[in-house]
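Here is the file my_file-v4.cif (mmCIF, C-alpha atoms).
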data_coords
#
loop_
_atom_site.label_atom_id
_atom_site.label_comp_id
_atom_site.auth_asym_id
_atom_site.auth_seq_id
_atom_site.Cartn_x
_atom_site.Cartn_y
_atom_site.Cartn_z
CA MET A 1483 8.60 -58.74 35.73
CA ILE A 1484 9.50 -56.57 38.67
CA LYS A 1485 7.02 -54.06 40.03
CA HIS A 1486 8.77 -51.28 41.92
CA PHE A 1487 6.79 -48.91 43.99
CA VAL A 1488 9.13 -46.22 45.31
CA ALA A 1489 7.36 -43.23 46.81
CA PRO A 1490 9.56 -40.89 48.78
CA GLY A 1491 6.85 -38.27 48.80
CA VAL A 1492 4.45 -40.65 50.45
CA PHE A 1493 7.08 -41.47 53.02
CA LEU A 1494 7.51 -37.78 53.95
CA ALA A 1495 3.77 -37.31 54.29
CA ALA A 1496 3.50 -40.42 56.36
CA LEU A 1497 6.12 -39.19 58.77
CA LEU A 1498 4.11 -36.09 59.47
CA ILE A 1499 0.59 -37.32 59.73
CA LEU A 1500 0.33 -41.04 59.96
CA PRO A 1501 -0.89 -42.22 63.35
CA LEU A 1502 0.49 -45.29 65.02
CA VAL A 1503 -2.78 -47.19 64.75
CA HIS A 1504 -5.68 -46.41 62.52
CA SER A 1505 -8.63 -48.17 61.05
CA GLN A 1506 -9.69 -46.65 57.82
CA THR A 1507 -12.14 -48.18 55.51
CA ASP A 1508 -9.83 -50.13 53.25
CA LYS A 1509 -10.97 -51.78 50.11
CA PRO A 1510 -11.03 -55.54 50.45
CA ARG A 1511 -7.95 -57.11 49.04
CA SER A 1512 -8.04 -59.95 46.63
CA PRO A 1513 -7.50 -62.70 47.50
CA ALA A 1514 -7.92 -63.02 51.24
CA PRO A 1515 -5.21 -64.87 53.13
CA THR A 1516 -7.44 -67.91 53.45
CA ALA A 1517 -8.08 -68.07 49.74
CA PRO A 1518 -6.97 -71.25 48.00
CA GLY A 1519 -3.81 -71.38 45.98
CA LEU A 1520 -4.19 -69.82 42.57
CA ASP A 1521 -2.82 -70.81 39.20
CA GLY A 1522 -1.06 -68.41 36.86
CA TRP A 1523 -4.38 -67.05 35.65
CA GLY A 1524 -5.58 -66.30 39.14
CA ARG A 1525 -7.95 -69.25 39.25
CA PRO A 1526 -8.18 -71.74 42.11
CA ILE A 1527 -5.95 -74.78 42.13
CA ILE A 1528 -8.06 -77.88 42.50
CA ALA A 1529 -6.99 -80.90 44.46
CA PRO A 1530 -8.77 -84.15 43.64
CA ALA A 1531 -11.44 -84.88 46.20
CA LYS A 1532 -9.94 -87.20 48.77
CA ASP A 1533 -13.17 -89.06 49.38
CA ARG A 1534 -13.82 -89.67 45.73
CA GLU A 1535 -12.72 -92.89 44.13
CA ALA A 1536 -10.67 -91.97 41.10
CA ALA A 1537 -11.24 -93.50 37.74
CA PRO A 1538 -8.73 -96.16 36.66
CA ALA A 1539 -5.49 -95.03 35.14
CA PRO A 1540 -5.46 -94.84 31.36
CA ARG A 1541 -3.05 -97.20 29.65
CA HIS A 1542 0.35 -95.86 28.57
CA ASP A 1543 -0.59 -92.30 29.44
CA ILE A 1544 1.14 -89.96 31.89
CA SER A 1545 0.15 -86.82 30.05
CA GLY A 1546 -1.48 -83.91 31.82
CA ILE A 1547 -0.81 -80.96 34.07
CA TRP A 1548 0.43 -82.31 37.35
CA ASP A 1549 0.68 -80.38 40.60
CA PRO A 1550 2.62 -81.74 43.59
CA ALA A 1551 0.13 -83.15 46.10
CA ASP A 1552 1.94 -81.25 48.87
CA ALA A 1553 4.51 -78.47 48.74
CA SER A 1554 7.45 -80.79 49.24
CA GLY A 1555 8.80 -80.54 45.70
CA THR A 1556 10.84 -77.48 46.68
CA GLN A 1557 13.32 -79.77 48.48
CA VAL A 1558 15.34 -77.00 50.03
CA LEU A 1559 17.49 -79.41 52.06
CA GLY A 1560 18.28 -81.53 49.04
CA ALA A 1561 16.63 -84.59 47.56
CA LYS A 1562 13.45 -85.27 49.45
CA ALA A 1563 14.27 -88.90 50.26
CA PHE A 1564 17.76 -87.95 51.46
CA PRO A 1565 17.72 -84.42 52.85
CA GLU A 1566 21.00 -83.07 54.17
CA ASP A 1567 19.75 -82.60 57.71
CA GLY A 1568 22.48 -84.27 59.70
CA LYS A 1569 20.48 -87.38 60.48
CA PRO A 1570 22.49 -90.59 60.21
CA GLU A 1571 19.86 -92.30 58.07
CA HIS A 1572 20.22 -89.51 55.52
CA ARG A 1573 23.96 -89.83 55.03
CA LEU A 1574 24.75 -90.71 51.47
CA PRO A 1575 27.24 -93.49 50.60
CA TYR A 1576 29.98 -91.25 49.21
CA THR A 1577 33.16 -92.59 47.70
CA PRO A 1578 36.35 -90.70 48.66
CA LEU A 1579 36.11 -88.87 45.35
CA GLY A 1580 32.48 -88.05 46.08
CA LEU A 1581 33.36 -86.56 49.46
CA GLU A 1582 36.06 -84.43 47.91
CA ALA A 1583 33.59 -83.15 45.33
CA LEU A 1584 31.01 -82.50 48.04
CA LYS A 1585 33.45 -80.29 49.96
CA ARG A 1586 33.80 -78.02 46.95
CA THR A 1587 30.12 -77.17 46.89
CA LYS A 1588 28.90 -74.32 49.11
CA PRO A 1589 25.13 -74.45 49.24
CA GLY A 1590 22.81 -71.77 50.56
CA ASN A 1591 20.74 -74.32 52.46
CA GLY A 1592 21.18 -77.27 54.75
CA ILE A 1593 23.73 -78.04 57.43
CA ARG A 1594 26.61 -76.92 55.22
CA SER A 1595 24.91 -73.68 54.24
CA VAL A 1596 26.90 -70.47 53.81
CA LEU A 1597 25.89 -66.82 53.62
CA PRO A 1598 24.16 -65.63 50.44
CA THR A 1599 27.27 -63.95 49.07
CA GLU A 1600 29.48 -66.97 49.78
CA THR A 1601 27.58 -69.66 47.95
CA ASN A 1602 28.81 -71.14 44.69
CA ASP A 1603 25.48 -72.72 43.84
CA PRO A 1604 25.32 -72.30 40.06
CA VAL A 1605 21.62 -71.47 40.10
CA TYR A 1606 22.40 -68.27 42.01
CA THR A 1607 23.86 -66.93 38.77
CA CYS A 1608 20.88 -68.37 36.89
CA ASP A 1609 22.84 -71.25 35.38
CA PRO A 1610 20.48 -74.06 34.35
CA GLN A 1611 19.59 -76.49 37.10
CA GLY A 1612 20.08 -79.30 34.67
CA PHE A 1613 19.10 -82.87 35.35
CA PRO A 1614 18.37 -84.56 37.74
CA ARG A 1615 18.13 -81.37 39.79
CA ALA A 1616 15.03 -80.38 37.82
CA ASP A 1617 13.34 -83.27 39.65
CA LEU A 1618 15.09 -82.71 42.97
CA HIS A 1619 14.80 -78.98 43.52
CA GLU A 1620 11.89 -76.64 42.85
CA LEU A 1621 9.78 -79.45 41.43
CA ARG A 1622 6.46 -77.72 40.99
CA THR A 1623 3.61 -77.78 38.50
CA THR A 1624 4.74 -80.11 35.75
CA GLN A 1625 3.15 -80.55 32.36
CA ILE A 1626 3.68 -83.78 30.42
CA LEU A 1627 2.96 -84.10 26.72
CA GLN A 1628 3.04 -87.32 24.75
CA THR A 1629 3.46 -88.13 21.09
CA PRO A 1630 4.02 -91.56 19.54
CA GLN A 1631 7.77 -90.84 19.47
CA ASN A 1632 8.47 -89.07 22.74
CA VAL A 1633 7.38 -87.67 26.04
CA THR A 1634 8.07 -84.01 26.72
CA ILE A 1635 8.16 -82.67 30.25
CA LEU A 1636 7.59 -78.96 30.81
CA TYR A 1637 8.93 -77.75 34.15
CA GLN A 1638 7.60 -74.63 35.84
CA TYR A 1639 10.91 -73.58 37.37
CA ASN A 1640 12.75 -71.59 34.75
CA LYS A 1641 10.20 -72.66 32.15
CA ILE A 1642 12.37 -75.40 30.71
CA TRP A 1643 11.58 -78.71 29.08
CA ARG A 1644 13.18 -82.07 28.37
CA VAL A 1645 12.44 -84.62 25.70
CA ILE A 1646 12.36 -88.32 26.51
CA TRP A 1647 12.49 -90.58 23.47
CA THR A 1648 10.16 -93.57 23.43
CA ASP A 1649 10.79 -94.63 19.83
CA GLY A 1650 13.09 -97.47 20.79
CA ARG A 1651 16.39 -95.72 20.19
CA GLU A 1652 19.38 -96.54 22.34
CA LEU A 1653 21.19 -94.06 24.54
CA PRO A 1654 24.16 -92.49 22.74
CA LYS A 1655 27.68 -93.74 23.41
CA ASP A 1656 30.03 -91.17 24.95
CA PRO A 1657 27.80 -88.22 24.16
CA GLU A 1658 28.60 -84.53 24.39
CA PRO A 1659 27.41 -83.45 27.88
CA ARG A 1660 24.15 -81.56 28.09
CA TRP A 1661 22.62 -79.68 31.00
CA PHE A 1662 19.63 -82.04 30.86
CA GLY A 1663 21.34 -85.10 29.43
CA TYR A 1664 19.90 -87.65 27.05
CA SER A 1665 16.81 -89.64 27.94
CA VAL A 1666 15.07 -92.72 26.60
CA ALA A 1667 12.16 -94.61 28.09
CA LYS A 1668 9.96 -97.67 27.76
CA TRP A 1669 6.75 -98.88 29.31
CA VAL A 1670 7.41 -101.72 31.72
CA ASP A 1671 3.70 -102.26 32.27
CA ASP A 1672 0.49 -100.49 31.28
CA TYR A 1673 0.95 -97.70 33.81
CA THR A 1674 4.70 -97.35 34.43
CA LEU A 1675 7.17 -95.51 32.23
CA VAL A 1676 10.83 -96.07 33.11
CA VAL A 1677 13.26 -93.41 31.92
CA GLU A 1678 17.04 -93.69 31.71
CA THR A 1679 19.20 -90.57 31.46
CA ILE A 1680 22.94 -90.18 30.85
CA GLY A 1681 25.27 -87.53 29.52
CA THR A 1682 24.56 -84.81 32.07
CA ASP A 1683 26.91 -81.86 32.52
CA GLU A 1684 29.18 -82.19 35.56
CA ARG A 1685 28.77 -78.50 36.38
CA THR A 1686 25.29 -79.15 37.67
CA TRP A 1687 24.51 -80.20 41.22
CA VAL A 1688 22.33 -83.20 41.92
CA ASP A 1689 20.24 -81.12 44.29
CA ARG A 1690 20.04 -77.97 46.38
CA ALA A 1691 22.34 -79.44 49.02
CA GLY A 1692 25.20 -79.53 46.55
CA ARG A 1693 25.46 -83.28 46.11
CA PRO A 1694 27.93 -83.89 43.28
CA HIS A 1695 27.81 -86.08 40.22
CA SER A 1696 30.28 -87.15 37.57
CA ALA A 1697 29.90 -87.48 33.83
CA ASP A 1698 29.14 -91.18 34.44
CA LEU A 1699 25.91 -90.41 36.27
CA ARG A 1700 22.96 -92.54 35.29
CA VAL A 1701 19.49 -91.59 36.48
CA GLU A 1702 16.38 -93.74 36.47
CA GLU A 1703 12.93 -92.19 36.74
CA ARG A 1704 9.83 -94.27 37.19
CA PHE A 1705 6.59 -92.53 36.35
CA HIS A 1706 3.77 -94.66 37.68
CA ARG A 1707 0.18 -93.62 37.14
CA THR A 1708 -1.78 -95.05 40.04
CA ASP A 1709 -5.21 -93.88 38.85
CA GLN A 1710 -6.77 -91.20 36.69
CA ASP A 1711 -5.89 -88.40 39.10
CA HIS A 1712 -2.49 -89.38 40.48
CA LEU A 1713 1.04 -89.87 39.25
CA GLU A 1714 4.02 -91.09 41.29
CA LEU A 1715 7.63 -90.28 40.46
CA THR A 1716 10.62 -92.20 41.80
CA VAL A 1717 14.18 -91.06 41.00
CA THR A 1718 17.26 -93.22 41.52
CA ILE A 1719 20.84 -91.90 41.33
CA ASP A 1720 23.56 -94.24 40.13
CA ASP A 1721 27.09 -92.80 39.95
CA PRO A 1722 29.80 -95.25 41.01
CA LYS A 1723 32.47 -92.54 40.94
CA MET A 1724 30.68 -90.50 43.59
CA TYR A 1725 28.54 -93.03 45.48
CA THR A 1726 29.31 -96.60 46.47
CA LYS A 1727 25.81 -97.71 45.58
CA PRO A 1728 22.68 -96.32 43.91
CA TRP A 1729 20.34 -94.31 46.09
CA VAL A 1730 16.72 -93.25 45.79
CA ALA A 1731 16.52 -89.48 45.71
CA LEU A 1732 12.76 -89.18 45.30
CA ASP A 1733 10.46 -91.98 46.41
CA LYS A 1734 6.95 -92.15 44.95
CA PHE A 1735 6.49 -88.41 44.86
CA VAL A 1736 2.80 -87.80 44.24
CA PHE A 1737 1.29 -85.41 41.73
CA ASP A 1738 -2.38 -84.46 41.47
CA LEU A 1739 -3.92 -84.08 38.04
CA GLN A 1740 -5.13 -80.55 37.32
CA PRO A 1741 -7.74 -79.49 34.77
CA ALA A 1742 -6.51 -79.02 31.22
CA SER A 1743 -7.30 -75.32 31.64
CA PHE A 1744 -4.69 -74.86 34.38
CA ASP A 1745 -2.29 -71.99 33.66
CA VAL A 1746 1.22 -72.42 35.05
CA ARG A 1747 2.76 -69.31 36.64
CA GLU A 1748 6.12 -68.15 35.42
CA MET A 1749 8.98 -68.75 37.82
CA ILE A 1750 12.18 -67.69 36.15
CA CYS A 1751 15.67 -66.92 37.41
CA SER A 1752 16.38 -63.44 36.14
CA PRO A 1753 19.94 -62.10 36.55
CA SER A 1754 18.65 -58.54 36.93
CA GLU A 1755 16.16 -59.57 39.61
CA PHE A 1756 18.89 -61.45 41.42
CA GLU A 1757 21.11 -58.40 41.27
CA LEU A 1758 18.33 -56.30 42.76
CA TYR A 1759 17.77 -58.87 45.49
CA ASN A 1760 21.45 -58.90 46.38
CA SER A 1761 21.65 -55.13 46.42
CA LEU A 1762 18.67 -54.81 48.74
CA ILE A 1763 19.05 -57.72 51.11
CA GLY A 1764 21.51 -60.36 49.97
CA ASN A 1765 24.55 -58.23 50.64
CA THR A 1766 22.98 -56.66 53.74
CA ALA A 1767 22.40 -60.04 55.30
CA SER A 1768 25.97 -61.05 54.47
CA ASP A 1769 27.44 -57.81 55.80
CA LYS A 1770 28.78 -56.73 52.41
CA ASP A 1771 28.62 -53.21 51.09
CA SER A 1772 25.42 -52.65 49.20
CA HIS A 1773 24.63 -49.79 46.89
CA MET B 378 -4.47 -40.67 73.64
CA ARG B 379 -4.30 -40.33 69.95
CA ASN B 380 -2.89 -37.31 68.21
CA ASN B 381 -3.51 -37.90 64.57
CA LEU B 382 -2.35 -34.72 62.84
CA ALA B 383 0.58 -33.36 64.77
CA ALA B 384 1.85 -36.53 66.30
CA ILE B 385 5.32 -37.63 65.56
CA LEU B 386 5.30 -41.03 63.97
CA LEU B 387 6.21 -43.52 66.57
CA ALA B 388 7.11 -46.99 65.69
CA VAL B 389 8.14 -49.60 68.10
CA VAL B 390 10.85 -52.02 67.33
CA GLY B 391 10.37 -54.77 69.80
CA LEU B 392 13.12 -57.24 70.21
CA LEU B 393 11.44 -60.19 71.69
CA ALA B 394 13.82 -62.78 73.02
CA VAL B 395 11.56 -65.65 72.25
CA SER B 396 12.56 -69.19 71.78
CA VAL B 397 11.57 -70.33 68.33
CA PRO B 398 12.34 -73.66 66.69
CA VAL B 399 15.61 -74.05 64.87
CA PHE B 400 14.52 -73.87 61.29
CA ALA B 401 15.65 -76.00 58.45
CA HIS B 402 17.74 -73.71 56.36
CA HIS B 403 16.12 -72.26 53.32
CA GLY B 404 18.78 -69.57 53.11
CA TYR B 405 18.58 -69.14 56.88
CA ALA B 406 22.31 -69.06 57.51
CA ALA B 407 22.16 -65.28 57.85
CA TYR B 408 19.23 -65.19 60.26
CA ASP B 409 19.01 -65.38 64.02
CA THR B 410 16.34 -68.03 64.43
CA ASP B 411 16.25 -67.59 68.22
CA ARG B 412 14.78 -64.10 68.11
CA LYS B 413 12.14 -62.17 66.29
CA VAL B 414 11.52 -58.48 65.80
CA THR B 415 8.24 -56.59 65.46
CA LEU B 416 8.49 -53.72 63.01
CA LYS B 417 5.77 -51.12 62.70
CA GLY B 418 6.41 -48.75 59.86
CA THR B 419 5.53 -47.37 56.48
CA VAL B 420 6.04 -49.33 53.33
CA THR B 421 8.50 -47.62 51.01
CA ARG B 422 9.00 -50.42 48.53
CA TRP B 423 7.18 -53.64 47.62
CA ILE B 424 8.90 -56.03 45.27
CA TRP B 425 6.98 -59.03 44.00
CA SER B 426 9.64 -60.97 42.13
CA ASN B 427 12.13 -63.81 42.17
CA PRO B 428 14.15 -64.96 43.93
CA HIS B 429 12.27 -63.57 46.95
CA CYS B 430 9.57 -60.98 47.45
CA MET B 431 10.66 -58.04 49.58
CA ILE B 432 9.04 -55.37 51.71
CA GLN B 433 11.07 -52.30 52.55
CA LEU B 434 9.70 -50.15 55.34
CA ASP B 435 10.74 -47.13 57.36
CA VAL B 436 10.58 -47.69 61.09
CA THR B 437 11.14 -45.04 63.73
CA ASP B 438 13.04 -46.32 66.73
CA ASP B 439 12.73 -45.24 70.36
CA SER B 440 15.15 -42.36 69.90
CA GLY B 441 13.24 -40.98 66.93
CA HIS B 442 15.61 -42.14 64.25
CA VAL B 443 14.10 -43.58 61.13
CA VAL B 444 15.60 -46.89 60.18
CA ARG B 445 14.98 -48.37 56.78
CA TRP B 446 14.38 -52.10 57.09
CA ILE B 447 14.37 -54.61 54.29
CA THR B 448 12.47 -57.84 54.83
CA GLU B 449 12.02 -60.85 52.60
CA THR B 450 9.74 -63.80 52.12
CA GLU B 451 9.54 -66.45 49.43
CA ASN B 452 9.10 -66.16 45.66
CA PRO B 453 5.77 -65.16 44.09
CA THR B 454 4.89 -68.70 43.07
CA THR B 455 5.19 -69.93 46.64
CA MET B 456 3.53 -66.90 48.18
CA SER B 457 0.60 -67.13 45.78
CA ARG B 458 -0.17 -70.45 47.44
CA SER B 459 -0.55 -68.62 50.75
CA GLY B 460 -2.91 -65.99 49.43
CA TRP B 461 -0.42 -63.25 48.54
CA THR B 462 -0.60 -61.35 45.25
CA ASP B 463 1.34 -58.52 43.68
CA LYS B 464 -1.30 -56.23 45.15
CA SER B 465 -1.13 -57.48 48.73
CA ILE B 466 1.13 -54.67 49.95
CA LYS B 467 0.79 -50.97 49.17
CA VAL B 468 3.51 -48.37 49.28
CA GLY B 469 2.69 -45.78 51.88
CA GLU B 470 0.68 -48.15 53.99
CA GLN B 471 1.52 -48.61 57.63
CA ILE B 472 2.00 -52.23 58.42
CA THR B 473 3.51 -54.47 61.04
CA VAL B 474 6.10 -57.02 60.03
CA ILE B 475 7.17 -59.75 62.40
CA ALA B 476 10.51 -61.14 61.26
CA LEU B 477 13.64 -63.05 62.09
CA PRO B 478 16.49 -60.50 62.20
CA VAL B 479 19.83 -61.05 60.54
CA LYS B 480 22.69 -62.04 62.82
CA ASN B 481 24.97 -59.18 61.85
CA GLY B 482 22.67 -56.52 63.29
CA ASN B 483 21.79 -54.89 59.98
CA PRO B 484 18.16 -53.85 59.53
CA ALA B 485 17.12 -56.88 57.52
CA GLY B 486 14.81 -59.73 58.32
CA ARG B 487 12.92 -62.79 57.20
CA ILE B 488 9.15 -62.31 57.32
CA LEU B 489 7.18 -64.49 59.71
CA GLU B 490 3.94 -62.54 59.38
CA VAL B 491 2.59 -59.25 58.08
CA VAL B 492 -0.31 -57.40 59.66
CA LEU B 493 -1.89 -54.93 57.28
CA SER B 494 -3.46 -51.63 58.28
CA SER B 495 -6.87 -53.29 58.04
CA GLY B 496 -5.85 -55.90 60.55
CA GLU B 497 -5.68 -58.57 57.89
CA ARG B 498 -2.81 -60.97 58.43
CA LEU B 499 -0.58 -62.40 55.74
CA PRO B 500 1.48 -65.43 56.74
CA GLY B 501 5.13 -65.60 55.83
CA ARG B 502 6.64 -68.81 54.56
CA VAL B 503 8.99 -70.60 56.83
CA ASN B 504 9.93 -74.20 56.30
CA PRO B 505 9.05 -76.75 58.95
CA ALA B 506 11.46 -76.89 61.84
CA THR B 507 14.14 -79.52 61.68
CA GLN B 508 16.78 -80.19 64.25
CA VAL B 509 20.08 -79.49 62.57
CA LYS B 510 23.47 -80.45 63.91
CA PRO B 511 26.01 -78.21 62.15
CA ASP B 512 28.92 -80.47 63.05
CA ASP B 513 27.31 -83.66 61.82
CA SER B 514 28.79 -83.48 58.35
CA PRO B 515 28.81 -86.49 56.04
CA LYS B 516 31.57 -88.97 56.64
CA PRO B 517 32.74 -91.91 54.51
#

Could I get this file's structure written as structure tokens?
Amino acid sequence: MIKHFVAPGVFLAALLILPLVHSQTDKPRSPAPTAPGLDGWGRPIIAPAKDREAAPAPRHDISGIWDPADASGTQVLGAKAFPEDGKPEHRLPYTPLGLEALKRTKPGNGIRSVLPTETNDPVYTCDPQGFPRADLHELRTTQILQTPQNVTILYQYNKIWRVIWTDGRELPKDPEPRWFGYSVAKWVDDYTLVVETIGTDERTWVDRAGRPHSADLRVEERFHRTDQDHLELTVTIDDPKMYTKPWVALDKFVFDLQPASFDVREMICSPSEFELYNSLIGNTASDKDSH
Amino acid sequence: MRNNLAAILLAVVGLLAVSVPVFAHHGYAAYDTDRKVTLKGTVTRWIWSNPHCMIQLDVTDDSGHVVRWITETENPTTMSRSGWTDKSIKVGEQITVIALPVKNGNPAGRILEVVLSSGERLPGRVNPATQVKPDDSPKP
């Protein structure tokens, strides 16, 4: 929800009487800049004590409200394990087709970034991120629910969810593409759930850097609970049409367990808010006419 | 010497040619990351929303012209982790914004820091610096 505070009258008064520097008695603001991060209810986010030995991981259980241990889930340069930063070790093994597809994407970040009004990143028009981008861009507070039949992941960004079936079913053959694909999983040991996903829509990007994928993309996620308070996620991309070999996009990304009372803030792509942003600064920064 | 009631509002726009790290791009293509500007002015609009929060402020330049600047930082979810809230900025307040200016010379910038009228400082959000070679594009 946008809060607009437009006060032309205040502006006129300020022009006349406001001194350059003043020190009035202002009411303290809440919270202070050094306050801890807050959840959606305005309550402190708690990180597990680093000097405390965590309890053992529960068996076959990755449920909970999980917050990235650091802020690196945003992944603005692309997949965290392979950011598009120009470093040789971060060059992906593109096929010729993959390189051609890469050239068609115009991201707003990274070494190939373009101006805000020139990007064709689908999320700029609030198209769904889809999968695996939900893991590889704006990965934030993540809630995982479990039933005997499935695991449901609730993502903060755009308030979306995906269902992962654990009832033993097979992946569908030649399925209709979906933004978030089709996922099945099985426990490979007491603490590791391995998820396979196919059938993702080709319109989505793999990550913020505009890495492409085909309809043949296959993604593996490994959720490994290391102890009571920590969960690691590893994501592997396998798309022989675009890449000559599989590559690890996210490598043991760590989440901290939050209390069950944690409220997740909304973070939603709103077309009207994007339009306002473009009218105020997006077009201005790109030297387009703004109204 | 202070002249509180009759003084003409003076705001200084300082263009400081300071060397700052080349930032990893989080939408930084439009910004000049080698300079920063210091804007002292009156808040005319405060928008706490996605995709980025924005502060609009009126700044009077050396020749007495009022220039309306628009500055941005990150989204509310990110900024809430740095202590910002929807109530952090007040319309009508005189603040100082230190920002990266846009390359095209328009009055727009990316917030590095805000200093409130109380002296309280609010940090902007800028991603860690990364050396970027624009011509080092992926090759087969």

Rows by chain and residue number, region 1675-1698 of chain A within 8 Å of region 1607-1631 of chain A, shortest pair, all atoms listed in the file, as a tab-separated table:
residue	atom	partner	partner_atom	distance
A:Thr1682	CA	A:Phe1613	CA	6.7
A:Asp1683	CA	A:Gly1612	CA	7.6
A:Thr1686	CA	A:Gly1612	CA	6.0
A:Trp1687	CA	A:Arg1615	CA	6.6
A:Val1688	CA	A:Arg1615	CA	5.1
A:Asp1689	CA	A:Arg1615	CA	5.0
A:Arg1690	CA	A:His1619	CA	6.1

I want to know what sits within 7 Å of Pro484 (chain B), based on all atoms listed in the file, with residues of the same chain fewer than 6 positions away left out; could you give that as a list of chain:residue names? B:Arg445, B:Trp446, B:Ile447

Out of A:Thr1716, A:Thr1726, A:Thr1679, A:Ser1545, which residue has the shortest atom-to-atom distance to chain B when counting all atoms listed in the file? A:Thr1726

Within 6 Å of Ile472 (chain B) using only C-alpha atoms, minus same-chain residues under 5 positions, as a PDB file with C-alpha atoms, in the frame of the given file:
ATOM      1  CA  LYS B 417       5.770 -51.120  62.700  1.00  0.00           C
ATOM      2  CA  GLY B 418       6.410 -48.750  59.860  1.00  0.00           C
ATOM      3  CA  VAL B 492      -0.310 -57.400  59.660  1.00  0.00           C
ATOM      4  CA  LEU B 493      -1.890 -54.930  57.280  1.00  0.00           C
ATOM      5  CA  SER B 494      -3.460 -51.630  58.280  1.00  0.00           C
TER       6      SER B 494
END

The PyMOL selection byres ((chain A and resi 1757-1761) around 9) - which residues does that actually catch in the file I just gave you? List them as an MDAnalysis selection string. (chainID A and resid 1598:1599 1752:1756 1762:1766 1771:1773) or (chainID B and resid 427:431)

Under the PyMOL selection byres ((chain A and resi 1715) around 6), which residues of this model are included? Write them out as a PyMOL selection string. chain A and resi 1704-1705+1714+1716+1734-1735

Suppose a student applies the PyMOL selection byres ((chain A and resi 1584) around 10) to this structure; what residues should they get, written as a ChimeraX atom specification? /A:1576,1578-1583,1585-1588,1687,1691-1695,1724 /B:515

Hey, which of B:Glu449, B:Glu490, B:Asp411, B:Asp439 ends up closest to chain A? Count only C-alpha atoms. B:Glu449
